[in-house]
>>> print(open('run02.csv').read())   # CSV, C-alpha atoms
chain,number,residue,atom,x,y,z
A,1,MET,CA,7.5,-18.0,-16.9
A,2,SER,CA,5.3,-18.2,-20.0
A,3,GLN,CA,3.6,-21.2,-18.4
A,4,GLY,CA,2.1,-18.8,-15.9
A,5,PHE,CA,-0.3,-17.4,-18.5
A,6,THR,CA,-1.6,-20.7,-19.8
A,7,GLU,CA,-2.2,-22.4,-16.6
A,8,PRO,CA,-5.7,-22.2,-15.3
A,9,PRO,CA,-6.1,-19.5,-12.6
A,10,ILE,CA,-6.3,-20.6,-9.0
A,11,GLY,CA,-9.6,-21.1,-7.2
A,12,TYR,CA,-12.1,-19.5,-9.5
A,13,THR,CA,-13.6,-22.0,-11.8
A,14,ASN,CA,-16.8,-20.7,-13.2
A,15,GLU,CA,-18.7,-23.3,-11.2
A,16,ALA,CA,-17.4,-21.8,-7.9
A,17,ALA,CA,-18.2,-18.3,-9.0
A,18,ASP,CA,-21.7,-19.2,-10.2
A,19,ARG,CA,-22.4,-20.9,-6.9
A,20,ALA,CA,-21.2,-17.8,-5.1
A,21,ALA,CA,-23.2,-15.4,-7.3
A,22,ALA,CA,-26.3,-17.6,-6.8
A,23,ASP,CA,-25.7,-17.6,-3.1
A,24,HIS,CA,-25.4,-13.8,-3.0
A,25,ALA,CA,-28.5,-13.4,-5.1
A,26,ARG,CA,-30.4,-15.7,-2.8
A,27,LYS,CA,-29.3,-13.8,0.3
A,28,GLY,CA,-30.3,-10.5,-1.4
A,29,SER,CA,-30.8,-7.7,1.0
A,30,GLU,CA,-30.1,-9.9,4.0
A,31,SER,CA,-26.4,-9.9,3.1
A,32,MET,CA,-23.9,-7.4,4.6
A,33,PRO,CA,-24.2,-3.9,3.2
A,34,ALA,CA,-21.6,-3.0,0.6
A,35,GLN,CA,-18.3,-1.8,2.0
A,36,VAL,CA,-16.5,1.1,0.2
A,37,ILE,CA,-12.8,0.6,0.3
A,38,THR,CA,-10.7,3.6,-0.9
A,39,VAL,CA,-7.2,2.7,-2.1
A,40,THR,CA,-4.8,5.6,-1.7
A,41,SER,CA,-1.1,6.4,-1.3
A,42,GLY,CA,-0.2,10.1,-1.4
A,43,LYS,CA,2.8,9.5,-3.7
A,44,GLY,CA,2.2,8.4,-7.2
A,45,GLY,CA,3.7,5.3,-8.9
A,46,VAL,CA,3.7,3.0,-5.8
A,47,GLY,CA,1.2,0.6,-7.3
A,48,LYS,CA,-2.2,1.9,-6.2
A,49,THR,CA,-4.0,1.1,-9.4
A,50,THR,CA,-2.4,-2.3,-9.7
A,51,ALA,CA,-3.4,-3.0,-6.1
A,52,THR,CA,-7.0,-1.9,-6.8
A,53,ALA,CA,-7.3,-4.1,-9.9
A,54,ASN,CA,-5.8,-7.1,-8.0
A,55,LEU,CA,-7.9,-6.6,-4.9
A,56,GLY,CA,-11.0,-6.5,-7.2
A,57,VAL,CA,-10.0,-9.7,-8.9
A,58,ALA,CA,-9.1,-11.5,-5.6
A,59,LEU,CA,-12.4,-10.4,-3.8
A,60,ALA,CA,-14.5,-11.4,-6.8
A,61,ALA,CA,-12.6,-14.7,-7.0
A,62,ARG,CA,-14.0,-15.3,-3.5
A,63,GLY,CA,-17.5,-15.1,-4.9
A,64,ARG,CA,-18.1,-11.4,-4.0
A,65,ASN,CA,-19.6,-8.8,-6.2
A,66,VAL,CA,-17.0,-6.1,-6.6
A,67,VAL,CA,-17.2,-2.7,-8.4
A,68,VAL,CA,-13.8,-1.1,-8.9
A,69,VAL,CA,-14.1,2.6,-9.5
A,70,ASP,CA,-11.4,4.7,-11.2
A,71,ALA,CA,-11.6,8.0,-9.3
A,72,ASP,CA,-8.5,9.4,-11.1
A,73,ILE,CA,-10.6,11.7,-13.3
A,74,GLY,CA,-8.6,13.0,-16.2
A,75,LEU,CA,-6.0,10.3,-16.1
A,76,ARG,CA,-7.8,7.0,-16.9
A,77,ASN,CA,-5.6,4.0,-15.9
A,78,LEU,CA,-7.6,1.3,-14.2
A,79,ASP,CA,-9.4,0.2,-17.4
A,80,VAL,CA,-6.0,-0.3,-19.1
A,81,VAL,CA,-4.5,-2.2,-16.1
A,82,MET,CA,-7.5,-4.5,-16.2
A,83,GLY,CA,-7.5,-4.9,-19.9
A,84,LEU,CA,-11.0,-3.5,-20.3
A,85,GLU,CA,-10.1,-0.3,-22.1
A,86,ASN,CA,-11.9,-1.3,-25.3
A,87,ARG,CA,-15.2,-1.8,-23.6
A,88,VAL,CA,-15.6,1.6,-21.9
A,89,VAL,CA,-18.7,3.4,-23.2
A,90,TYR,CA,-19.9,5.3,-20.1
A,91,ASN,CA,-17.9,6.6,-17.3
A,92,LEU,CA,-18.2,7.9,-13.7
A,93,ILE,CA,-19.0,11.4,-14.9
A,94,HIS,CA,-21.9,10.1,-17.0
A,95,VAL,CA,-23.4,8.4,-14.0
A,96,ILE,CA,-22.8,11.5,-11.7
A,97,ARG,CA,-24.4,13.8,-14.3
A,98,GLY,CA,-27.3,11.4,-14.8
A,99,VAL,CA,-26.5,10.8,-18.5
A,100,THR,CA,-26.9,7.1,-17.8
A,101,GLN,CA,-27.7,4.8,-14.9
A,102,ALA,CA,-24.9,3.1,-12.9
A,103,GLU,CA,-26.0,-0.3,-14.1
A,104,LYS,CA,-25.3,0.7,-17.7
A,105,ALA,CA,-21.9,2.2,-17.0
A,106,LEU,CA,-20.6,-0.9,-15.2
A,107,ILE,CA,-18.3,-3.0,-17.4
A,108,ARG,CA,-18.5,-6.7,-16.4
A,109,ASP,CA,-15.1,-8.4,-16.4
A,110,LYS,CA,-15.8,-11.7,-18.2
A,111,ARG,CA,-12.8,-13.4,-16.7
A,112,VAL,CA,-14.0,-13.1,-13.2
A,113,PRO,CA,-17.8,-13.3,-12.5
A,114,GLY,CA,-18.9,-10.6,-10.1
A,115,LEU,CA,-16.1,-8.1,-11.0
A,116,MET,CA,-17.2,-4.8,-12.5
A,117,LEU,CA,-15.4,-1.6,-13.5
A,118,LEU,CA,-16.6,2.0,-13.5
A,119,ALA,CA,-14.1,3.9,-15.6
A,120,ALA,CA,-12.9,7.5,-15.1
A,121,ASP,CA,-13.6,10.3,-17.5
A,122,GLN,CA,-10.5,11.3,-19.5
A,123,HIS,CA,-11.7,14.7,-20.5
A,124,ALA,CA,-13.2,16.0,-17.2
A,125,ASP,CA,-11.2,17.5,-14.4
A,126,LYS,CA,-10.9,16.4,-10.8
A,127,ASP,CA,-12.6,19.6,-9.7
A,128,ASP,CA,-15.7,18.7,-11.8
A,129,VAL,CA,-16.7,16.3,-9.1
A,130,SER,CA,-17.4,17.1,-5.4
A,131,PRO,CA,-17.0,14.8,-2.4
A,132,ASP,CA,-20.8,14.8,-2.0
A,133,GLU,CA,-21.2,13.6,-5.6
A,134,MET,CA,-18.7,10.8,-5.0
A,135,ASP,CA,-20.7,9.8,-1.9
A,136,ALA,CA,-23.9,9.7,-3.9
A,137,LEU,CA,-22.3,7.8,-6.7
A,138,CYS,CA,-21.1,5.1,-4.3
A,139,ALA,CA,-24.5,5.0,-2.7
A,140,SER,CA,-26.0,4.3,-6.2
A,141,LEU,CA,-23.5,1.4,-6.7
A,142,ARG,CA,-24.1,-0.2,-3.3
A,143,PRO,CA,-27.0,-2.4,-4.5
A,144,PHE,CA,-24.7,-4.0,-7.1
A,145,ALA,CA,-21.8,-4.9,-4.8
A,146,ASP,CA,-20.4,-6.4,-1.7
A,147,TYR,CA,-17.3,-4.2,-2.2
A,148,ILE,CA,-16.8,-0.9,-4.0
A,149,ILE,CA,-13.1,-0.3,-4.4
A,150,VAL,CA,-12.2,3.3,-5.2
A,151,ASP,CA,-8.8,3.9,-6.8
A,152,SER,CA,-7.8,7.3,-5.6
A,153,PRO,CA,-5.6,9.6,-7.6
A,154,ALA,CA,-2.1,10.4,-6.3
A,155,GLY,CA,-1.7,13.6,-4.2
A,156,ILE,CA,-3.8,15.1,-1.4
A,157,GLU,CA,-5.9,17.6,-3.3
A,158,GLN,CA,-9.5,17.5,-4.5
A,159,GLY,CA,-9.3,14.2,-6.3
A,160,PHE,CA,-8.0,12.5,-3.1
A,161,ARG,CA,-10.8,14.2,-1.0
A,162,ASN,CA,-13.4,13.0,-3.5
A,163,ALA,CA,-12.1,9.4,-3.3
A,164,LEU,CA,-11.9,9.5,0.5
A,165,ALA,CA,-15.5,10.9,1.0
A,166,PRO,CA,-17.4,7.6,0.5
A,167,ALA,CA,-14.8,5.4,2.2
A,168,ASP,CA,-15.9,3.0,5.0
A,169,GLN,CA,-12.3,1.7,5.1
A,170,VAL,CA,-9.1,3.1,3.6
A,171,VAL,CA,-6.2,1.0,2.3
A,172,LEU,CA,-2.9,2.8,2.0
A,173,VAL,CA,-0.3,1.5,-0.5
A,174,THR,CA,3.3,2.4,-0.1
A,175,THR,CA,6.7,1.1,-1.0
A,176,PRO,CA,9.7,0.8,1.3
A,177,GLU,CA,11.2,4.2,0.3
A,178,VAL,CA,11.7,7.3,2.3
A,179,SER,CA,9.7,9.5,0.0
A,180,ALA,CA,6.7,7.1,-0.4
A,181,VAL,CA,6.5,6.5,3.4
A,182,ARG,CA,6.7,10.1,4.2
A,183,ASP,CA,3.7,10.8,1.9
A,184,ALA,CA,1.9,7.9,3.4
A,185,ASP,CA,2.4,9.4,6.9
A,186,ARG,CA,0.8,12.6,5.7
A,187,VAL,CA,-2.2,10.7,4.2
A,188,ILE,CA,-2.7,8.8,7.5
A,189,GLY,CA,-3.0,12.2,9.2
A,190,LEU,CA,-5.4,13.5,6.7
A,191,VAL,CA,-7.6,10.4,6.8
A,192,GLU,CA,-7.7,10.4,10.6
A,193,ALA,CA,-8.6,14.1,10.7
A,194,THR,CA,-11.8,13.3,8.8
A,195,GLY,CA,-12.8,10.9,11.6
A,196,LYS,CA,-12.6,7.8,9.4
A,197,PRO,CA,-10.8,4.7,10.7
A,198,SER,CA,-7.1,4.6,10.4
A,199,PRO,CA,-5.9,3.2,7.0
A,200,ARG,CA,-4.6,-0.3,6.8
A,201,LEU,CA,-1.2,-0.7,5.1
A,202,ILE,CA,-0.2,-2.6,2.0
A,203,LEU,CA,3.6,-2.5,1.6
A,204,ASN,CA,4.3,-3.0,-2.0
A,205,ARG,CA,7.4,-3.9,-4.1
A,206,ILE,CA,9.4,-5.5,-1.4
A,207,LYS,CA,12.7,-6.9,-2.8
A,208,PRO,CA,13.7,-9.7,-0.5
A,209,GLU,CA,17.2,-9.8,-1.8
A,210,LEU,CA,17.8,-6.2,-1.0
A,211,VAL,CA,16.2,-6.5,2.4
A,212,ALA,CA,18.4,-9.5,3.1
A,213,GLN,CA,21.6,-7.6,2.3
A,214,GLY,CA,20.4,-4.6,4.3
A,215,ASP,CA,19.7,-2.3,1.3
A,216,MET,CA,16.0,-1.9,1.8
A,217,MET,CA,13.9,-0.9,4.7
A,218,THR,CA,12.2,-3.9,6.3
A,219,THR,CA,8.4,-4.3,6.8
A,220,ASP,CA,9.0,-3.7,10.5
A,221,ASP,CA,10.8,-0.4,9.8
A,222,VAL,CA,7.9,0.9,7.9
A,223,VAL,CA,5.2,-0.3,10.3
A,224,ASP,CA,7.1,1.1,13.3
A,225,VAL,CA,7.1,4.6,11.9
A,226,LEU,CA,3.6,4.6,10.4
A,227,ARG,CA,2.0,2.7,13.3
A,228,ILE,CA,-1.0,1.5,11.4
A,229,GLU,CA,-2.3,-2.1,10.9
A,230,LEU,CA,-0.5,-4.1,8.3
A,231,LEU,CA,-2.9,-5.5,5.8
A,232,GLY,CA,-0.4,-7.2,3.5
A,233,ILE,CA,3.0,-7.3,2.0
A,234,VAL,CA,3.6,-7.7,-1.8
A,235,PRO,CA,6.9,-8.7,-3.2
A,236,GLU,CA,8.4,-7.1,-6.3
A,237,ASP,CA,7.4,-9.5,-9.1
A,238,GLY,CA,8.4,-9.3,-12.7
A,239,ALA,CA,5.0,-11.0,-13.4
A,240,ILE,CA,3.3,-7.7,-12.5
A,241,VAL,CA,5.0,-5.9,-15.4
A,242,ALA,CA,4.1,-8.7,-17.8
A,243,ALA,CA,0.6,-8.9,-16.5
A,244,THR,CA,0.1,-5.1,-16.8
A,245,ASN,CA,1.5,-5.2,-20.3
A,246,ARG,CA,-1.2,-7.7,-21.2
A,247,GLY,CA,-4.0,-6.2,-19.2
A,248,GLU,CA,-4.4,-9.3,-17.0
A,249,PRO,CA,-4.2,-8.5,-13.3
A,250,VAL,CA,-1.5,-10.8,-11.8
A,251,ALA,CA,-4.1,-12.2,-9.3
A,252,LEU,CA,-5.6,-14.1,-12.3
A,253,GLN,CA,-2.4,-16.1,-12.6
A,254,ALA,CA,-1.5,-19.3,-10.8
A,255,GLY,CA,2.0,-19.4,-9.3
A,256,SER,CA,2.7,-15.7,-9.0
A,257,ARG,CA,3.9,-14.5,-5.6
A,258,ALA,CA,2.5,-11.1,-6.0
A,259,GLY,CA,-0.8,-12.5,-7.1
A,260,GLN,CA,-0.9,-14.8,-4.1
A,261,ALA,CA,-0.2,-11.8,-1.9
A,262,PHE,CA,-3.3,-10.0,-3.2
A,263,HIS,CA,-5.4,-13.2,-2.6
A,264,ASN,CA,-4.1,-13.2,1.0
A,265,ILE,CA,-5.0,-9.5,1.4
A,266,ALA,CA,-8.5,-10.2,0.1
A,267,ALA,CA,-8.9,-12.9,2.7
A,268,ARG,CA,-7.8,-10.6,5.4
A,269,ILE,CA,-10.3,-7.9,4.2
A,270,GLU,CA,-12.9,-10.6,4.7
A,271,GLY,CA,-11.7,-11.1,8.3
A,272,GLU,CA,-9.7,-14.3,7.8
A,273,ARG,CA,-6.4,-14.7,9.7
A,274,VAL,CA,-3.9,-15.4,7.0
A,275,PRO,CA,-0.2,-15.4,8.0
A,276,PHE,CA,2.0,-12.9,6.2
A,277,MET,CA,4.2,-14.3,3.4
A,278,THR,CA,7.8,-15.1,4.3
A,279,LEU,CA,9.7,-13.2,1.7
A,280,ASP,CA,13.0,-14.9,1.5
A,281,ALA,CA,15.5,-14.0,-1.2
A,282,SER,CA,15.5,-17.7,-2.2
A,283,GLN,CA,11.7,-17.5,-3.1
A,284,GLN,CA,12.0,-14.9,-5.8
A,285,SER,CA,10.3,-15.8,-9.0
A,286,PHE,CA,12.4,-17.5,-11.7
A,287,LEU,CA,12.3,-14.3,-13.8
A,288,ASP,CA,13.6,-12.2,-10.9
A,289,ARG,CA,16.3,-14.7,-10.1
A,290,LEU,CA,17.3,-14.8,-13.8
A,291,SER,CA,17.5,-11.0,-14.0
A,292,SER,CA,19.5,-10.7,-10.8
A,293,LEU,CA,21.8,-13.3,-12.2
A,294,PHE,CA,22.5,-11.1,-15.1
A,295,ARG,CA,22.7,-8.0,-13.0
A,296,SER,CA,25.2,-9.3,-10.5
A,297,GLY,CA,27.1,-11.6,-12.7
A,298,HIS,CA,27.2,-14.6,-10.4
A,299,GLY,CA,25.1,-17.7,-9.9
A,300,PRO,CA,21.9,-17.9,-7.8
A,301,ALA,CA,23.7,-19.9,-5.1
A,302,GLY,CA,25.9,-16.9,-4.3
A,303,GLY,CA,23.4,-14.3,-5.4
A,304,ALA,CA,20.7,-15.1,-2.9
A,305,ARG,CA,22.2,-13.1,0.0
B,306,MET,CA,32.7,-7.2,-13.8
B,307,SER,CA,30.9,-8.7,-10.8
B,308,ARG,CA,33.2,-7.0,-8.3
B,309,TRP,CA,32.8,-3.7,-10.1
B,310,LEU,CA,29.0,-4.1,-10.0
B,311,GLY,CA,29.3,-5.0,-6.3
B,312,ARG,CA,31.2,-1.8,-5.6
B,313,LEU,CA,28.7,0.2,-7.6
B,314,ARG,CA,26.0,-1.2,-5.4
B,315,GLY,CA,27.9,-0.1,-2.3
B,316,ARG,CA,28.8,-3.6,-1.0
B,317,SER,CA,31.6,-2.6,1.4
B,318,ALA,CA,31.6,-3.7,5.0
B,319,ASP,CA,32.7,-0.3,6.4
B,320,HIS,CA,29.6,1.5,5.1
B,321,GLU,CA,26.3,1.5,7.0
B,322,ARG,CA,23.8,-0.4,5.0
B,323,SER,CA,21.5,1.8,3.0
B,324,GLY,CA,18.3,0.3,4.5
B,325,ALA,CA,19.4,1.5,8.0
B,326,VAL,CA,20.3,4.9,6.5
B,327,ALA,CA,16.8,5.1,4.9
B,328,ARG,CA,15.2,4.2,8.3
B,329,GLU,CA,17.0,7.0,10.1
B,330,ARG,CA,16.4,9.6,7.5
B,331,LEU,CA,12.7,8.7,7.4
B,332,LYS,CA,12.4,9.0,11.2
B,333,LEU,CA,14.0,12.5,11.1
B,334,VAL,CA,11.8,13.6,8.2
B,335,LEU,CA,8.7,12.4,9.9
B,336,GLU,CA,9.5,14.1,13.2
B,337,TYR,CA,9.8,17.3,11.3
B,338,ASP,CA,6.7,16.8,9.2
B,339,ARG,CA,4.6,15.9,12.2
B,340,ALA,CA,5.2,19.1,14.2
B,341,GLN,CA,7.2,21.5,12.1
B,342,ILE,CA,10.1,21.2,14.4
B,343,THR,CA,13.6,20.8,13.0
B,344,SER,CA,15.7,17.8,14.0
B,345,ALA,CA,18.2,20.3,15.4
B,346,GLN,CA,15.5,21.8,17.7
B,347,LEU,CA,14.6,18.3,18.7
B,348,ASP,CA,18.2,17.5,19.6
B,349,GLU,CA,18.3,20.7,21.7
B,350,ILE,CA,15.0,19.7,23.5
B,351,ARG,CA,16.5,16.3,24.1
B,352,ALA,CA,19.7,17.7,25.6
B,353,GLU,CA,17.8,20.1,27.9
B,354,ILE,CA,15.5,17.3,29.1
B,355,ILE,CA,18.5,15.2,29.9
B,356,ASP,CA,20.2,18.0,31.8
B,357,SER,CA,17.1,18.8,33.7
B,358,ILE,CA,16.3,15.2,34.7
B,359,SER,CA,19.8,14.2,35.5
B,360,ARG,CA,19.9,17.0,38.2
B,361,HIS,CA,17.6,14.7,40.1
B,362,VAL,CA,18.2,11.1,39.0
B,363,SER,CA,20.9,9.4,36.9
B,364,VAL,CA,19.8,9.0,33.3
B,365,ASN,CA,21.0,6.6,30.6
B,366,ARG,CA,22.0,9.4,28.2
B,367,ALA,CA,22.5,7.4,25.1
B,368,ASP,CA,19.0,5.7,25.4
B,369,VAL,CA,17.0,8.9,25.8
B,370,ARG,CA,14.6,9.2,22.9
B,371,VAL,CA,12.5,12.3,22.1
B,372,THR,CA,10.0,11.8,19.3
B,373,LEU,CA,7.1,13.7,17.8
B,374,GLU,CA,4.0,11.6,17.2
B,375,ARG,CA,1.6,12.1,14.3
B,376,ASP,CA,-1.1,13.3,16.7
B,377,GLY,CA,1.2,16.2,17.7
B,378,ARG,CA,2.4,14.8,21.0
B,379,LEU,CA,6.0,15.2,22.0
B,380,VAL,CA,7.1,11.9,23.6
B,381,ALA,CA,10.2,11.5,25.7
B,382,GLU,CA,11.5,8.0,26.7
B,383,ILE,CA,13.9,8.4,29.5
B,384,PRO,CA,15.3,5.2,30.9
B,385,LEU,CA,16.6,5.8,34.4
B,386,ASP,CA,20.0,4.5,35.3
B,387,SER,CA,18.7,3.0,38.6
B,388,ALA,CA,21.9,1.1,39.3
B,389,ARG,CA,23.8,4.4,39.9
B,390,PRO,CA,22.8,7.1,42.3
B,391,ALA,CA,22.3,10.6,40.9
B,392,PRO,CA,25.6,12.5,40.3
B,393,GLY,CA,24.8,15.2,42.8
B,394,GLY,CA,24.1,12.7,45.5
B,395,GLY,CA,20.5,13.8,45.7
B,396,ARG,CA,20.8,17.3,47.2
>>> encode(input="run02.csv", output="structure tokens")
Amino acid sequence: MSQGFTEPPIGYTNEAADRAAADHARKGSESMPAQVITVTSGKGGVGKTTATANLGVALAARGRNVVVVDADIGLRNLDVVMGLENRVVYNLIHVIRGVTQAEKALIRDKRVPGLMLLAADQHADKDDVSPDEMDALCASLRPFADYIIVDSPAGIEQGFRNALAPADQVVLVTTPEVSAVRDADRVIGLVEATGKPSPRLILNRIKPELVAQGDMMTTDDVVDVLRIELLGIVPEDGAIVAATNRGEPVALQAGSRAGQAFHNIAARIEGERVPFMTLDASQQSFLDRLSSLFRSGHGPAGGAR
Amino acid sequence: MSRWLGRLRGRSADHERSGAVARERLKLVLEYDRAQITSAQLDEIRAEIIDSISRHVSVNRADVRVTLERDGRLVAEIPLDSARPAPGGGR
């Protein structure tokens, strides 16, 4: 497990990123206009912020310029998940109020060229910002990015409406639980009511061993009731907890299943056809296997199903 | 220890697996959420639809599905039992 942190990350040597950045600079205004992707869920605690951070890493690893925006005003999280908390000087409210320019408030993630963070304000309130102001904020960020990923706060109130306002596309994160999927369904209705395209779904924290023994809803179960396009499936992965502890998004690590899932999702966002992961109980990470070994009290041979 | 844990996690053959239970609960909850109709009312509607249709054609009762869609449409799937004639003989 510990090897995962020392191995070089997959696919983004500085060289590749430099080439991509140069490529983007050369294309300049000819390139596609920036896409605003709002990541939302309804229910809290389903992995929205983790998904935002990892999508940011994975898209930037593909050579894109990405701004991740923490729209959870009052509850700043994205900077911590990304390990950039010590570098926050200006935040989203400063840019909206004109205290500073967007360019100065963006924190560049030195690990992944092209990745930038705009942090939330911890002392302001969600009602201090309006949907129009969020729209204007994202408009001011568009020149810097191919993708602007907005991390929505949980819930369906003002903060959610703010995060939704600038969205060109919406990504809905949920887990295979009745309460989370119920809230997701409500969010789909609210998004569709604004006339925006239907959200695409990330089903997070799938536990293959529970699905195999029939104790967790399957991906098909969730997609059948929500009836929206599936963008990706992410297995439960102990590496996410460790990665979050360290402030290193899991998509930075080689060999992590969840990290690979986010790279696949990034590829799909860019229009590539990537097959969905097969999540077999036998393919759990070593850490998960080890912990289920302790939990169930029998060996992996009998514990897989 | 292992058997005790197994029992704790509900590993007995005579119980419906919790994943299937979750799926059914979710369907009921969403039907209610989507149109503010209770599952009891939905069952009543289903029964009345079956009664009404089976006066004319034979219906596969167990397979009739009445669901509420997110966009507020009430959708009934009524597989006809084409192999059998209607019970009243088509009066």
>>> closest_atom_pairs(input="run02.csv", of="chain B", to="chain A", cutoff="6 Å", atoms="only C-alpha atoms", output="tab-separated table")
residue	atom	partner	partner_atom	distance
B:Ser307	CA	A:Gly297	CA	5.1
B:Arg322	CA	A:Gly214	CA	5.4
B:Ser323	CA	A:Asp215	CA	4.8
B:Gly324	CA	A:Met216	CA	4.2
B:Leu331	CA	A:Val178	CA	5.4
>>> residues_around(input="run02.csv", residues="segment 372-386 of chain B", least_positions_apart="3", cutoff="7 Å", atoms="only C-alpha atoms", output="PyMOL selection string")
(chain A and resi 189) or (chain B and resi 336+339-340+363-365+368-369+389)
>>> atom_distance(input="run02.csv", atom1="atom CA of His320 of chain B", atom2="atom CA of Arg366 of chain B")
25.6 Å
>>> closest_residue(input="run02.csv", among="B:Val371, B:Val326, B:Leu335, B:Glu321", to="Leu347 of chain B", atoms="all atoms listed in the file")
B:Val371
>>> atom_distance(input="run02.csv", atom1="atom CA of Thr38 of chain A", atom2="atom CA of Leu141 of chain A")
14.2 Å
>>> atom_distance(input="run02.csv", atom1="atom CA of Arg268 of chain A", atom2="atom CA of Pro197 of chain A")
16.5 Å
>>> decode(input="run02.csv", residues="segment 102-114 of chain A", atoms="N, CA, C and O atoms", output="PDB file, in the first residue's frame")
ATOM      1  N   ALA A 102      -9.303  37.673 -10.681  1.00  0.00           N
ATOM      2  CA  ALA A 102      -9.372  36.209 -10.676  1.00  0.00           C
ATOM      3  C   ALA A 102      -7.968  35.601 -10.764  1.00  0.00           C
ATOM      4  O   ALA A 102      -7.642  34.659 -10.034  1.00  0.00           O
ATOM      5  N   GLU A 103      -7.161  36.166 -11.623  1.00  0.00           N
ATOM      6  CA  GLU A 103      -5.821  35.635 -11.862  1.00  0.00           C
ATOM      7  C   GLU A 103      -5.009  35.520 -10.563  1.00  0.00           C
ATOM      8  O   GLU A 103      -4.259  34.583 -10.360  1.00  0.00           O
ATOM      9  N   LYS A 104      -5.179  36.523  -9.694  1.00  0.00           N
ATOM     10  CA  LYS A 104      -4.408  36.534  -8.448  1.00  0.00           C
ATOM     11  C   LYS A 104      -4.970  35.583  -7.402  1.00  0.00           C
ATOM     12  O   LYS A 104      -4.254  35.157  -6.495  1.00  0.00           O
ATOM     13  N   ALA A 105      -6.245  35.275  -7.502  1.00  0.00           N
ATOM     14  CA  ALA A 105      -6.873  34.414  -6.497  1.00  0.00           C
ATOM     15  C   ALA A 105      -6.683  32.932  -6.806  1.00  0.00           C
ATOM     16  O   ALA A 105      -6.877  32.080  -5.947  1.00  0.00           O
ATOM     17  N   LEU A 106      -6.293  32.633  -8.056  1.00  0.00           N
ATOM     18  CA  LEU A 106      -6.136  31.228  -8.440  1.00  0.00           C
ATOM     19  C   LEU A 106      -4.840  30.660  -7.868  1.00  0.00           C
ATOM     20  O   LEU A 106      -3.774  31.247  -8.031  1.00  0.00           O
ATOM     21  N   ILE A 107      -4.974  29.505  -7.192  1.00  0.00           N
ATOM     22  CA  ILE A 107      -3.798  28.840  -6.632  1.00  0.00           C
ATOM     23  C   ILE A 107      -3.388  27.743  -7.605  1.00  0.00           C
ATOM     24  O   ILE A 107      -4.187  26.842  -7.891  1.00  0.00           O
ATOM     25  N   ARG A 108      -2.169  27.820  -8.099  1.00  0.00           N
ATOM     26  CA  ARG A 108      -1.696  26.799  -9.036  1.00  0.00           C
ATOM     27  C   ARG A 108      -1.212  25.573  -8.272  1.00  0.00           C
ATOM     28  O   ARG A 108      -0.412  25.699  -7.351  1.00  0.00           O
ATOM     29  N   ASP A 109      -1.720  24.406  -8.668  1.00  0.00           N
ATOM     30  CA  ASP A 109      -1.290  23.157  -8.041  1.00  0.00           C
ATOM     31  C   ASP A 109       0.006  22.724  -8.698  1.00  0.00           C
ATOM     32  O   ASP A 109       0.027  22.376  -9.878  1.00  0.00           O
ATOM     33  N   LYS A 110       1.110  22.775  -7.946  1.00  0.00           N
ATOM     34  CA  LYS A 110       2.429  22.520  -8.547  1.00  0.00           C
ATOM     35  C   LYS A 110       2.612  21.063  -8.970  1.00  0.00           C
ATOM     36  O   LYS A 110       3.480  20.758  -9.759  1.00  0.00           O
ATOM     37  N   ARG A 111       1.776  20.159  -8.427  1.00  0.00           N
ATOM     38  CA  ARG A 111       1.942  18.749  -8.775  1.00  0.00           C
ATOM     39  C   ARG A 111       1.423  18.437 -10.169  1.00  0.00           C
ATOM     40  O   ARG A 111       1.864  17.496 -10.812  1.00  0.00           O
ATOM     41  N   VAL A 112       0.398  19.189 -10.595  1.00  0.00           N
ATOM     42  CA  VAL A 112      -0.208  18.936 -11.904  1.00  0.00           C
ATOM     43  C   VAL A 112      -0.300  20.250 -12.672  1.00  0.00           C
ATOM     44  O   VAL A 112      -1.170  21.076 -12.380  1.00  0.00           O
ATOM     45  N   PRO A 113       0.574  20.447 -13.657  1.00  0.00           N
ATOM     46  CA  PRO A 113       0.508  21.695 -14.416  1.00  0.00           C
ATOM     47  C   PRO A 113      -0.879  21.872 -15.037  1.00  0.00           C
ATOM     48  O   PRO A 113      -1.463  20.909 -15.524  1.00  0.00           O
ATOM     49  N   GLY A 114      -1.385  23.085 -14.983  1.00  0.00           N
ATOM     50  CA  GLY A 114      -2.694  23.356 -15.582  1.00  0.00           C
ATOM     51  C   GLY A 114      -3.829  23.320 -14.579  1.00  0.00           C
ATOM     52  O   GLY A 114      -4.947  23.729 -14.884  1.00  0.00           O
TER      53      GLY A 114
END
